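First the structure, in the form of structure tokens, and then the observations on it.
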Amino acid sequence: MTRWKYLLMLLGGIGISNVGGWVYLIALNLIILNETGSPLAIAILYILGPIATICTNVWAGSLIDRVNTRRLMMGLDVFRALCIAFIPFLPSLIYVYILAFIINMGSAIFQPTSMVYMTRLVPEEDRQRFNALRSFINSCGSLIGPAIAGILFWMGTPHTAIQVNAVALFFSALIIMMLPNVDGRLEETEEQRFTWDMIKNDFRVIFSFSKNYTYVTKIYLLFSSTTIFMTAIDSLEAAFAKEVLSISDTNYGFLLSVFGAGIIIGSIINSVFSKQLAVNLLIGFGTIFTSIGYIVLYSSNGFYSAAPGVFLIGFAVTFANTGYLTFYQNHVPVRMMGRFGSFFSVMEAGFIVALTVLIGLASELTSIRPVGLIGSFSFFILGLMAWKAMAGGKRKEYFQKGADSNNV
């Protein structure tokens, strides 16, 4: 019971941070839109995230695996809170972009740090349920966050909402402070100097692990590819709904609610039946049915034909994410998880930027529906690859109960 007390506290911190993140994103969008009136200015804001990941995660993994992760998470939350609180006082838009980029750098380091901390805190037998609950919390945040942002805009201005997010991050830091210290063996490494030679040696460690454990790397790359495809295809979703399907703003809001409902129902099923649902089936079926959801969406002709596709995307992606994250936590050694995740996230961010730009240009030169369908069918092929990987000879070795290489 004590164990789950800490896990629920961690989920609470994640929830507060997630809701605050949505409020911050919507408020910053409105601030920039009010200043410029330019969709391009908003697009630049969205590209800052992947670029920040590329700039930081080349070296961040080496830092994460050598410091106290709980203290680093607290420090990053406080740092981001201070930066966000300073945004309303900036004199011009260029400073907003610079500070937003710095905040994104902090978020890029926080994500792999929190993954290492969660893997150490959550026992292997609880990880699948914890990941499902985490997905549920995040999906609730995607519904509650915009609603809170709307209330704050009604009560004040986007700048008020920005300040509220800064407070939310301070609360998140306080919750993390009350969690246990799980980095018991860092005294051996904390005296090492942080140098370029250390980073190069860490790259060699990652390459060596990837070569020796090709199946683990293959599954992680499938997970990264899922993220890349979803991010790129999602960039067309609003334009497709508004311009091709001619859906009103109100109905588009309902469509997003249908997506959120799919995530919530999928997450509840995942958490309730975590002991019965096999990780390999979560990955295989989840990836395939997520891609089918996109095919249904981009084949639709109106709200009612698009809604089942949007629901299926939200429903199926929770199974895929829970499966991938559980596999990752169970089979990548926790002592090098920061380096492994950070290294591959750099490549993932680069591909996200490239594919998103490519899909955007293709939809401008041709039309949105065929580009969306080509992207969706390409995603479906990826789903078949995931299913084949789950049904291969390595399945018994890596997916049987107790198969854990965290101590490799």
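Lettering and numbering for the structure tokens are positional, with chains as A, B, ... in the shown order, residues counted from 1 in each chain, and ligands counted from 1 in the shown order.
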List every residue of range 302-399 of chain A that has an atom at most 12 Å from any atom of range 119-143 of chain A, giving for each one its closest atom pair and the distance in Å to one decimal, counting only C-alpha atoms, sorted by chain and then by ascending residue number, as CSV.
residue,atom,partner,partner_atom,distance
A:Gly314,CA,A:Ser139,CA,9.1
A:Phe315,CA,A:Ser139,CA,10.7
A:Ala316,CA,A:Ser135,CA,11.8
A:Val317,CA,A:Ser135,CA,9.6
A:Thr318,CA,A:Ser135,CA,6.5
A:Phe319,CA,A:Ala132,CA,8.0
A:Ala320,CA,A:Ala132,CA,10.3
A:Asn321,CA,A:Ser135,CA,8.0
A:Thr322,CA,A:Asn131,CA,5.5
A:Gly323,CA,A:Gln128,CA,7.4
A:Tyr324,CA,A:Asn131,CA,9.7
A:Leu325,CA,A:Asn131,CA,7.1
A:Thr326,CA,A:Gln128,CA,5.6
A:Phe327,CA,A:Gln128,CA,8.9
A:Tyr328,CA,A:Thr119,CA,9.5
A:Gln329,CA,A:Thr119,CA,5.9
A:Asn330,CA,A:Glu124,CA,6.8
A:His331,CA,A:Glu124,CA,10.5
A:Val332,CA,A:Thr119,CA,10.0
A:Pro333,CA,A:Thr119,CA,9.7
A:Val334,CA,A:Thr119,CA,7.0
A:Arg335,CA,A:Arg120,CA,9.5
A:Met336,CA,A:Thr119,CA,11.6
A:Met337,CA,A:Thr119,CA,9.1
A:Gly338,CA,A:Thr119,CA,10.9
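Distances from A:Met74, A:Ala241, A:Ile31, A:Ala149 to Tyr97 in chain A were compared using only C-alpha atoms, and the smallest one belongs to A:Ile31.
One distance worth recording is that between CA of Tyr298 in chain A and CA of Met347 in chain A, which is 27.5 Å.
Counting only C-alpha atoms and comparing A:Phe377, A:Phe86, A:Tyr24, A:Trp59, the residue that lies closest to Ser345 in chain A is A:Trp59.
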### Task
Enter the distance from CA of Met385 in chain A to CA of Ser291 in chain A, in Å, rounded to one decimal.
12.1 Å
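With only C-alpha atoms as the atoms that count, the minimum distance from Ile51 in chain A to the choices A:Phe351, A:Phe311, A:Phe289, A:Phe303 is reached by A:Phe351.
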### Between CA of Pro50 in chain A and CA of Ala349 in chain A - distance in Å to one decimal
4.8 Å
Determine, using only C-alpha atoms, which residues of range 10-76 of chain A have any atom at most 12 Å from an atom of range 199-223 of chain A, and tabulate each with its shortest atom pair and distance in Å to one decimal place, rows ordered by chain and then rising number, as a Markdown table.
| residue | atom | partner | partner_atom | distance |
| --- | --- | --- | --- | --- |
| A:Asn57 | CA | A:Ile199 | CA | 10.9 |
| A:Val58 | CA | A:Ile199 | CA | 8.2 |
| A:Trp59 | CA | A:Ile199 | CA | 6.4 |
| A:Ala60 | CA | A:Ile199 | CA | 9.2 |
| A:Gly61 | CA | A:Asp202 | CA | 8.6 |
| A:Ser62 | CA | A:Ile199 | CA | 6.2 |
| A:Leu63 | CA | A:Ile199 | CA | 9.1 |
| A:Ile64 | CA | A:Ile199 | CA | 11.8 |
| A:Asp65 | CA | A:Asp202 | CA | 10.2 |
| A:Arg66 | CA | A:Asp202 | CA | 11.5 |
#### Entry: Shell around Ser17 in chain A at 10 Å using only C-alpha atoms, local window under 6 positions removed, as a VMD selection string
chain A and resid 11 23 77 138 141 165 to 173
### Nearby residues (only C-alpha atoms) at most 12 Å from Phe240 in chain A, same-chain spacing under 2 positions excluded, as number ranges by chain
A: 233-238, 242-248, 252, 294, 297-303, 306, 360, 363-364, 367-373
### Message
For a quick check of understanding, using only C-alpha atoms, which of A:Ile264, A:Leu174, A:Leu384, A:Ala161 has the smallest distance to Arg71 in chain A?
### Response
A:Leu174
### Task
Might you pull out every residue within 10 Å of Ala307 in chain A, with only C-alpha atoms counted and same-chain residues fewer than 2 positions away left off, and present them as a PyMOL selection string?
chain A and resi 254-259+293+296-297+300+302-305+309-313
Could those selected residues go to a file with N, CA and C atoms, as a tab-separated table (two decimals), in the first residue's frame?
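out_30.tsv written:
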chain	number	residue	atom	x	y	z
A	254	PHE	N	-16.00	18.76	-30.64
A	254	PHE	CA	-16.60	17.46	-30.31
A	254	PHE	C	-15.73	16.30	-30.80
A	255	LEU	N	-15.11	16.49	-31.98
A	255	LEU	CA	-14.24	15.45	-32.55
A	255	LEU	C	-13.04	15.21	-31.63
A	256	LEU	N	-12.48	16.28	-31.10
A	256	LEU	CA	-11.37	16.14	-30.15
A	256	LEU	C	-11.83	15.45	-28.86
A	257	SER	N	-13.08	15.70	-28.46
A	257	SER	CA	-13.63	15.04	-27.28
A	257	SER	C	-13.81	13.54	-27.53
A	258	VAL	N	-14.20	13.17	-28.77
A	258	VAL	CA	-14.32	11.75	-29.13
A	258	VAL	C	-12.96	11.07	-29.04
A	259	PHE	N	-11.92	11.77	-29.50
A	259	PHE	CA	-10.54	11.25	-29.39
A	259	PHE	C	-10.18	11.04	-27.92
A	293	GLY	N	-7.29	3.41	-37.65
A	293	GLY	CA	-8.05	4.60	-37.26
A	293	GLY	C	-7.73	5.79	-38.16
A	296	VAL	N	-9.38	5.26	-41.57
A	296	VAL	CA	-10.82	5.58	-41.49
A	296	VAL	C	-11.02	7.09	-41.47
A	297	LEU	N	-10.21	7.80	-40.70
A	297	LEU	CA	-10.34	9.27	-40.60
A	297	LEU	C	-10.15	9.93	-41.96
A	300	SER	N	-12.90	9.51	-44.57
A	300	SER	CA	-14.25	9.97	-44.18
A	300	SER	C	-14.71	11.15	-45.02
A	302	GLY	N	-17.35	13.29	-43.56
A	302	GLY	CA	-18.05	14.20	-42.67
A	302	GLY	C	-17.79	13.84	-41.23
A	303	PHE	N	-18.45	14.55	-40.32
A	303	PHE	CA	-18.23	14.35	-38.89
A	303	PHE	C	-18.52	12.93	-38.46
A	304	TYR	N	-19.69	12.39	-38.88
A	304	TYR	CA	-20.13	11.08	-38.38
A	304	TYR	C	-19.27	9.94	-38.92
A	305	SER	N	-18.71	10.09	-40.10
A	305	SER	CA	-17.82	9.04	-40.61
A	305	SER	C	-16.40	9.20	-40.09
A	309	GLY	N	-13.13	6.77	-36.67
A	309	GLY	CA	-11.68	6.73	-36.88
A	309	GLY	C	-10.93	7.44	-35.77
A	310	VAL	N	-11.42	8.61	-35.38
A	310	VAL	CA	-10.78	9.39	-34.31
A	310	VAL	C	-10.86	8.63	-32.98
A	311	PHE	N	-12.02	8.02	-32.71
A	311	PHE	CA	-12.16	7.23	-31.48
A	311	PHE	C	-11.19	6.05	-31.48
A	312	LEU	N	-11.09	5.36	-32.63
A	312	LEU	CA	-10.20	4.19	-32.72
A	312	LEU	C	-8.74	4.58	-32.52
A	313	ILE	N	-8.34	5.75	-33.05
A	313	ILE	CA	-6.96	6.24	-32.84
A	313	ILE	C	-6.69	6.39	-31.34
### Query
Running DSSP on the backbone, which parts of range 100-328 of chain A land in alpha helix (DSSP H), as a PyMOL selection string?
chain A and resi 100-121+127-155+158-177+196-212+214-239+249-272+279-299+303-328
## Note on the structure
Across A:Val67, A:Ile94, A:Ile162, A:Leu76, the smallest distance to Val116 in chain A, with only C-alpha atoms counted, is shown by A:Val67
### Close residues, Leu30 in chain A itself excluded, 12 Å, only C-alpha atoms, min 2 positions apart in chain, as a ChimeraX atom specification
/A:23-28,32-39,41-42,45,149-150,153,157-159,161-162
Atoms kept (C-alpha atoms) for selection, written as a PDB file, in the first residue's frame:
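Once everything was written out, this is part.pdb:
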ATOM      1  CA  VAL A  23      -2.768  25.722 -20.446  1.00  0.00           C
ATOM      2  CA  TYR A  24       0.727  27.039 -21.279  1.00  0.00           C
ATOM      3  CA  LEU A  25       0.581  25.803 -24.900  1.00  0.00           C
ATOM      4  CA  ILE A  26      -2.853  27.274 -25.634  1.00  0.00           C
ATOM      5  CA  ALA A  27      -2.027  30.560 -23.895  1.00  0.00           C
ATOM      6  CA  LEU A  28       1.285  30.917 -25.742  1.00  0.00           C
ATOM      7  CA  ILE A  32       1.716  34.866 -30.479  1.00  0.00           C
ATOM      8  CA  LEU A  33      -1.422  34.886 -32.650  1.00  0.00           C
ATOM      9  CA  ASN A  34      -2.574  38.172 -31.076  1.00  0.00           C
ATOM     10  CA  GLU A  35       0.877  39.684 -31.667  1.00  0.00           C
ATOM     11  CA  THR A  36       1.334  38.516 -35.275  1.00  0.00           C
ATOM     12  CA  GLY A  37      -1.918  37.132 -36.683  1.00  0.00           C
ATOM     13  CA  SER A  38       0.298  34.665 -38.566  1.00  0.00           C
ATOM     14  CA  PRO A  39      -0.183  30.858 -38.719  1.00  0.00           C
ATOM     15  CA  ALA A  41       4.457  32.212 -36.336  1.00  0.00           C
ATOM     16  CA  ILE A  42       2.480  29.450 -34.586  1.00  0.00           C
ATOM     17  CA  LEU A  45       6.502  27.552 -32.054  1.00  0.00           C
ATOM     18  CA  ALA A 149      -7.443  27.528 -20.163  1.00  0.00           C
ATOM     19  CA  GLY A 150     -10.851  28.701 -21.439  1.00  0.00           C
ATOM     20  CA  PHE A 153      -9.087  33.406 -20.499  1.00  0.00           C
ATOM     21  CA  THR A 157      -5.930  37.095 -20.190  1.00  0.00           C
ATOM     22  CA  PRO A 158      -3.570  34.514 -21.751  1.00  0.00           C
ATOM     23  CA  HIS A 159      -0.872  36.037 -19.542  1.00  0.00           C
ATOM     24  CA  ALA A 161      -3.048  31.453 -17.773  1.00  0.00           C
ATOM     25  CA  ILE A 162       0.716  31.498 -18.286  1.00  0.00           C
TER      26      ILE A 162
END
